[in-house]
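Chemist: What follows is work-v3.txt; its format and atoms are compact mmCIF, C-alpha atoms.
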# COMPACT_ATOMS: atom_id res chain seq x y z
CA LYS A 1 125.69 101.07 139.19
CA ALA A 2 129.44 100.87 139.50
CA GLY A 3 131.25 98.51 137.15
CA VAL A 4 133.94 95.94 137.81
CA THR A 5 137.08 97.47 139.24
CA GLN A 6 140.57 96.04 139.13
CA THR A 7 143.64 97.23 140.96
CA PRO A 8 146.29 98.07 140.18
CA ARG A 9 145.83 98.99 136.53
CA TYR A 10 149.52 98.70 135.71
CA LEU A 11 152.31 96.79 137.41
CA ILE A 12 155.97 96.11 136.70
CA LYS A 13 157.71 93.23 138.47
CA THR A 14 160.95 91.34 138.03
CA ARG A 15 161.41 87.64 137.46
CA GLY A 16 161.10 85.53 140.57
CA GLN A 17 158.89 88.00 142.42
CA GLN A 18 155.27 87.40 143.25
CA VAL A 19 152.26 89.59 142.55
CA THR A 20 148.70 89.94 143.85
CA LEU A 21 145.94 91.44 141.74
CA SER A 22 142.53 92.50 143.04
CA CYS A 23 139.05 92.50 141.53
CA SER A 24 135.89 94.02 142.97
CA PRO A 25 132.78 92.71 141.21
CA ILE A 26 129.55 94.54 140.58
CA SER A 27 127.39 94.73 143.69
CA GLY A 28 125.25 91.61 143.93
CA HIS A 29 127.45 89.53 141.65
CA ARG A 30 128.81 86.47 143.43
CA SER A 31 130.87 84.89 140.69
CA VAL A 32 134.27 86.20 139.66
CA SER A 33 136.32 84.72 136.83
CA TRP A 34 139.90 85.52 135.89
CA TYR A 35 141.46 85.52 132.43
CA GLN A 36 144.93 86.05 131.03
CA GLN A 37 145.30 87.77 127.67
CA THR A 38 148.51 87.73 125.64
CA PRO A 39 149.05 88.55 121.97
CA GLY A 40 150.04 84.99 121.18
CA GLN A 41 147.45 83.01 123.16
CA GLY A 42 144.49 85.38 123.24
CA LEU A 43 142.03 85.30 126.14
CA GLN A 44 142.58 82.26 128.35
CA PHE A 45 140.49 81.22 131.32
CA LEU A 46 142.37 81.00 134.63
CA PHE A 47 139.76 80.18 137.27
CA GLU A 48 136.33 81.06 138.59
CA TYR A 49 135.16 81.65 142.15
CA PHE A 50 131.63 81.53 143.49
CA SER A 51 130.71 82.03 147.14
CA GLU A 52 134.36 81.87 148.20
CA THR A 53 134.90 78.50 146.46
CA GLN A 54 136.86 77.79 143.32
CA ARG A 55 134.27 76.37 140.96
CA ASN A 56 136.36 75.92 137.84
CA LYS A 57 139.98 76.02 136.82
CA GLY A 58 141.83 76.43 133.55
CA ASN A 59 145.11 74.87 132.45
CA PHE A 60 147.63 77.03 134.25
CA PRO A 61 150.46 75.95 136.55
CA GLY A 62 150.11 76.00 140.31
CA ARG A 63 151.99 79.30 140.46
CA PHE A 64 148.67 80.89 139.61
CA SER A 65 146.21 80.90 142.48
CA GLY A 66 143.25 82.87 143.65
CA ARG A 67 140.72 83.36 146.37
CA GLN A 68 137.43 85.06 147.01
CA PHE A 69 136.29 86.86 150.11
CA SER A 70 132.88 86.93 151.76
CA ASN A 71 132.10 90.26 150.08
CA SER A 72 132.77 88.59 146.68
CA ARG A 73 135.96 90.55 146.08
CA SER A 74 138.62 88.33 144.59
CA GLU A 75 142.38 88.27 144.41
CA MET A 76 144.70 86.32 142.20
CA ASN A 77 148.32 85.63 143.00
CA VAL A 78 151.19 84.65 140.75
CA SER A 79 154.32 83.41 142.44
CA THR A 80 157.84 83.09 141.02
CA LEU A 81 157.05 85.34 138.07
CA GLU A 82 158.37 84.44 134.64
CA LEU A 83 158.81 86.69 131.61
CA GLY A 84 155.95 84.85 129.92
CA ASP A 85 153.55 85.96 132.64
CA SER A 86 153.55 89.44 131.12
CA ALA A 87 149.95 89.92 130.08
CA LEU A 88 146.66 91.73 130.58
CA TYR A 89 144.81 90.06 133.46
CA LEU A 90 141.07 90.47 133.31
CA CYS A 91 138.36 89.62 135.76
CA ALA A 92 134.70 89.13 134.97
CA SER A 93 131.79 89.61 137.36
CA THR A 94 128.75 87.41 136.85
CA ARG A 95 125.21 87.00 138.13
CA GLY A 96 122.90 84.77 136.19
CA SER A 97 122.97 85.85 132.56
CA GLU A 98 124.78 89.11 133.33
CA GLN A 99 128.53 89.09 132.85
CA TYR A 100 130.79 92.12 132.71
CA PHE A 101 134.54 92.48 132.47
CA GLY A 102 136.81 94.87 134.31
CA PRO A 103 139.39 97.11 132.64
CA GLY A 104 142.23 94.70 133.42
CA THR A 105 145.61 94.87 135.08
CA ARG A 106 148.59 95.15 132.73
CA LEU A 107 151.46 93.16 134.26
CA THR A 108 154.95 93.50 132.84
CA VAL A 109 157.65 91.13 134.05
CA THR A 110 161.25 92.20 133.40
CA ASP B 1 138.76 74.59 121.98
CA ALA B 2 136.35 77.45 121.44
CA LYS B 3 132.77 76.47 120.61
CA THR B 4 132.40 79.33 118.14
CA THR B 5 133.88 80.16 114.75
CA GLN B 6 134.21 83.69 113.42
CA PRO B 7 135.94 85.24 110.41
CA PRO B 8 139.29 86.72 111.46
CA SER B 9 138.58 90.16 110.02
CA MET B 10 135.93 92.25 108.29
CA ASP B 11 135.67 95.73 106.79
CA CYS B 12 132.64 98.00 106.91
CA ALA B 13 132.11 101.51 105.59
CA GLU B 14 131.32 104.16 108.14
CA GLY B 15 127.57 104.74 108.41
CA ARG B 16 126.66 101.36 107.00
CA ALA B 17 125.40 98.36 108.94
CA ALA B 18 128.10 95.96 110.10
CA ASN B 19 126.98 92.33 110.09
CA LEU B 20 129.29 90.01 112.03
CA PRO B 21 128.62 86.27 111.67
CA CYS B 22 129.29 83.53 114.20
CA ASN B 23 128.93 79.77 113.91
CA HIS B 24 128.16 77.70 117.00
CA SER B 25 126.97 74.43 115.54
CA THR B 26 127.51 72.43 118.76
CA ILE B 27 125.57 74.82 120.99
CA SER B 28 123.54 73.13 123.72
CA GLY B 29 119.91 73.91 124.45
CA ASN B 30 120.69 75.84 127.63
CA GLU B 31 123.61 77.84 126.26
CA TYR B 32 123.26 81.52 125.53
CA VAL B 33 125.06 83.38 122.77
CA TYR B 34 127.02 86.37 124.02
CA TRP B 35 128.82 89.10 122.13
CA TYR B 36 131.62 91.23 123.49
CA ARG B 37 134.00 93.64 121.88
CA GLN B 38 137.46 94.68 122.89
CA ILE B 39 139.10 97.91 121.96
CA HIS B 40 142.86 97.75 122.11
CA SER B 41 144.18 96.99 125.63
CA GLN B 42 140.83 97.52 127.33
CA GLY B 43 138.63 94.91 129.00
CA PRO B 44 135.99 93.25 126.81
CA GLN B 45 132.79 95.28 126.69
CA TYR B 46 129.47 93.45 126.90
CA ILE B 47 127.26 94.10 123.85
CA ILE B 48 124.30 91.76 123.87
CA HIS B 49 123.21 88.20 124.55
CA GLY B 50 120.35 85.90 123.63
CA LEU B 51 119.04 82.36 123.91
CA LYS B 52 116.84 81.79 120.86
CA ASN B 53 114.88 84.96 120.18
CA ASN B 54 116.33 87.91 118.35
CA GLU B 55 117.43 90.66 120.69
CA THR B 56 117.99 94.39 120.31
CA ASN B 57 119.45 97.00 122.61
CA GLU B 58 120.89 100.48 122.22
CA MET B 59 124.15 99.12 120.88
CA ALA B 60 123.24 96.32 118.51
CA SER B 61 120.86 93.62 117.33
CA LEU B 62 121.42 89.89 117.65
CA ILE B 63 119.86 87.56 115.12
CA ILE B 64 119.92 83.86 116.03
CA THR B 65 118.94 81.28 113.44
CA GLU B 66 116.03 79.00 114.21
CA ASP B 67 118.31 75.98 114.65
CA ARG B 68 120.57 78.14 116.88
CA LYS B 69 123.67 76.96 115.04
CA SER B 70 124.68 80.44 113.99
CA SER B 71 124.04 84.07 114.79
CA THR B 72 124.73 87.54 113.44
CA LEU B 73 125.57 90.66 115.38
CA ILE B 74 124.35 93.80 113.64
CA LEU B 75 125.74 97.26 114.36
CA PRO B 76 123.15 99.37 112.54
CA HIS B 77 125.22 102.48 111.75
CA ALA B 78 128.90 101.74 112.21
CA THR B 79 131.20 104.54 113.33
CA LEU B 80 134.97 104.70 113.59
CA ARG B 81 134.62 104.05 117.33
CA ASP B 82 133.22 100.61 116.54
CA THR B 83 136.64 99.49 115.33
CA ALA B 84 137.47 96.61 117.70
CA VAL B 85 137.80 92.85 118.03
CA TYR B 86 134.37 91.26 118.40
CA TYR B 87 134.02 87.99 120.31
CA CYS B 88 131.11 85.61 120.07
CA ILE B 89 130.93 83.06 122.89
CA VAL B 90 128.44 80.57 124.25
CA ARG B 91 127.83 79.95 127.92
CA VAL B 92 125.26 78.53 130.26
CA ALA B 93 123.90 81.44 132.24
CA GLY B 94 124.05 80.91 135.99
CA ARG B 95 126.40 77.97 135.77
CA ASP B 96 130.15 77.66 136.11
CA ASP B 97 131.87 80.15 133.91
CA LYS B 98 134.75 78.48 132.16
CA ILE B 99 134.39 80.43 128.96
CA ILE B 100 136.61 79.54 126.07
CA PHE B 101 137.22 82.55 123.86
CA GLY B 102 138.08 82.17 120.20
CA LYS B 103 140.16 84.62 118.20
CA GLY B 104 137.22 86.89 117.43
CA THR B 105 136.65 89.11 114.38
CA ARG B 106 138.72 92.24 113.94
CA LEU B 107 136.29 94.81 112.53
CA HIS B 108 137.74 97.72 110.59
CA ILE B 109 135.46 100.68 109.99
CA LEU B 110 136.50 102.52 106.85
CA PRO B 111 135.96 106.31 106.68
Just dump the structure as structure tokens.
Modeler:
Amino acid sequence: KAGVTQTPRYLIKTRGQQVTLSCSPISGHRSVSWYQQTPGQGLQFLFEYFSETQRNKGNFPGRFSGRQFSNSRSEMNVSTLELGDSALYLCASTRGSEQYFGPGTRLTVT
Amino acid sequence: DAKTTQPPSMDCAEGRAANLPCNHSTISGNEYVYWYRQIHSQGPQYIIHGLKNNETNEMASLIITEDRKSSTLILPHATLRDTAVYYCIVRVAGRDDKIIFGKGTRLHILP
């Protein structure tokens, strides 16, 4: 079956702009989690959505938000981008004990 | 803080078995042990998971101690393509997924 897909794969934005990233989970998976990975901080949990509801949230400012649609696809949005938001953004698709990560979106803020 | 502790790096000769340890002394009874690996700039790749029994699949074996406070991931015949950062995590399957990743183990396969 098809894996987790994330779009776009690469993105360059300037400070102050906003960005929306998309994640399509594996068919049948209803939970989608988002992570930020930077060289200094490693993999950090952003938030998790299940059945269109945010079920858990990490310690990130309100500029980071997300949502999930009825087909389980999820988007995350970062407003007023800062240089420190440059990172690999990963989503994970989960059902029960199965959890798989997507390839990530590499965001560069200049 | 992460609930797992792993050595920061390990070396293994190509063709030999790579044994990666992980400590999870505060693991709860309903938490699974999961292993992922990440090759540079790619998303983490699922390897294997288990609750209390040893598990084996086409990629690796997972040995969990009887008290479940530690585990070992075994790559039976390491190749250069196994060079990656390996993450051991614990999570409750089917529950909310706020996973805290540690720093993982950087595995170097030596030719």
Chemist: Compile the residues of chain B that lie within 10 Å of chain A, evaluated using all atoms listed in the file, and express the compilation as a PyMOL selection string.
Modeler: chain B and resi 32+34+36+41-50+91-104
Chemist: Could you please determine the separation between atom CA of Val19 of chain A and atom CA of Pro61 of chain A in Å, to one decimal place?
Modeler: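 Distance between the two atoms: 15.0 Å.
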Chemist: Excluding Asn23 of chain B and its own-chain neighbours fewer than 2 positions away, which residues fall within 8 Å of it when counting only C-alpha atoms? Please give them as a ChimeraX atom specification.
Modeler: /B:4-6,21,25,69-71
Chemist: Go ahead and write the residues just picked, C-alpha atoms, as a compact mmCIF listing (two decimals), keeping the file's coordinate frame.
Modeler:
# COMPACT_ATOMS: atom_id res chain seq x y z
CA THR B 4 132.40 79.33 118.14
CA THR B 5 133.88 80.16 114.75
CA GLN B 6 134.21 83.69 113.42
CA PRO B 21 128.62 86.27 111.67
CA SER B 25 126.97 74.43 115.54
CA LYS B 69 123.67 76.96 115.04
CA SER B 70 124.68 80.44 113.99
CA SER B 71 124.04 84.07 114.79
Chemist: Nearest residue to Leu20 of chain B out of B:Thr56, B:Thr79, B:Thr72, B:Ser61, using all atoms listed in the file?
Modeler: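 Among the listed residues, the smallest separation from Leu20 of chain B belongs to B:Thr72.
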Chemist: Which distance in Å separates atom CA of Thr14 of chain A and atom CA of Ser72 of chain A, to one decimal?
Modeler: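 These atoms are spaced 29.6 Å apart.
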Chemist: In Å, with one decimal, what is the gap from atom CA of Ser79 of chain A to atom CA of Gly16 of chain A?
Modeler: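 We find that atom CA of Ser79 of chain A and atom CA of Gly16 of chain A lie 7.3 Å from each other.
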Chemist: Kindly provide, as a list in words, the polymer residues lying within 8 Å of (140.8, 96.0, 116.8), counting all atoms listed in the file and using the coordinates exactly as they appear in the file.
Modeler: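 Using all atoms listed in the file, the matching residues come out as Gln38, Ile39, His40, Thr83, Ala84, Val85, Arg106, Leu107 and His108 of chain B.
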Chemist: Can I get the selection written as a CSV table (one decimal), in the frame of the given file, with C-alpha atoms?
Modeler:
chain,number,residue,atom,x,y,z
B,38,GLN,CA,137.5,94.7,122.9
B,39,ILE,CA,139.1,97.9,122.0
B,40,HIS,CA,142.9,97.8,122.1
B,83,THR,CA,136.6,99.5,115.3
B,84,ALA,CA,137.5,96.6,117.7
B,85,VAL,CA,137.8,92.8,118.0
B,106,ARG,CA,138.7,92.2,113.9
B,107,LEU,CA,136.3,94.8,112.5
B,108,HIS,CA,137.7,97.7,110.6
Chemist: When distances are computed from all atoms listed in the file, which of B:Asn30, B:Lys52, B:Pro76, B:Gly15 shows the smallest separation from Ile64 of chain B?
Modeler: B:Lys52
Chemist: Write out as number ranges by chain the residues lying within 8 Å of Glu82 of chain A, counting all atoms listed in the file and excluding same-chain residues fewer than 3 positions away.
Modeler: A: 15-16, 85-86, 109
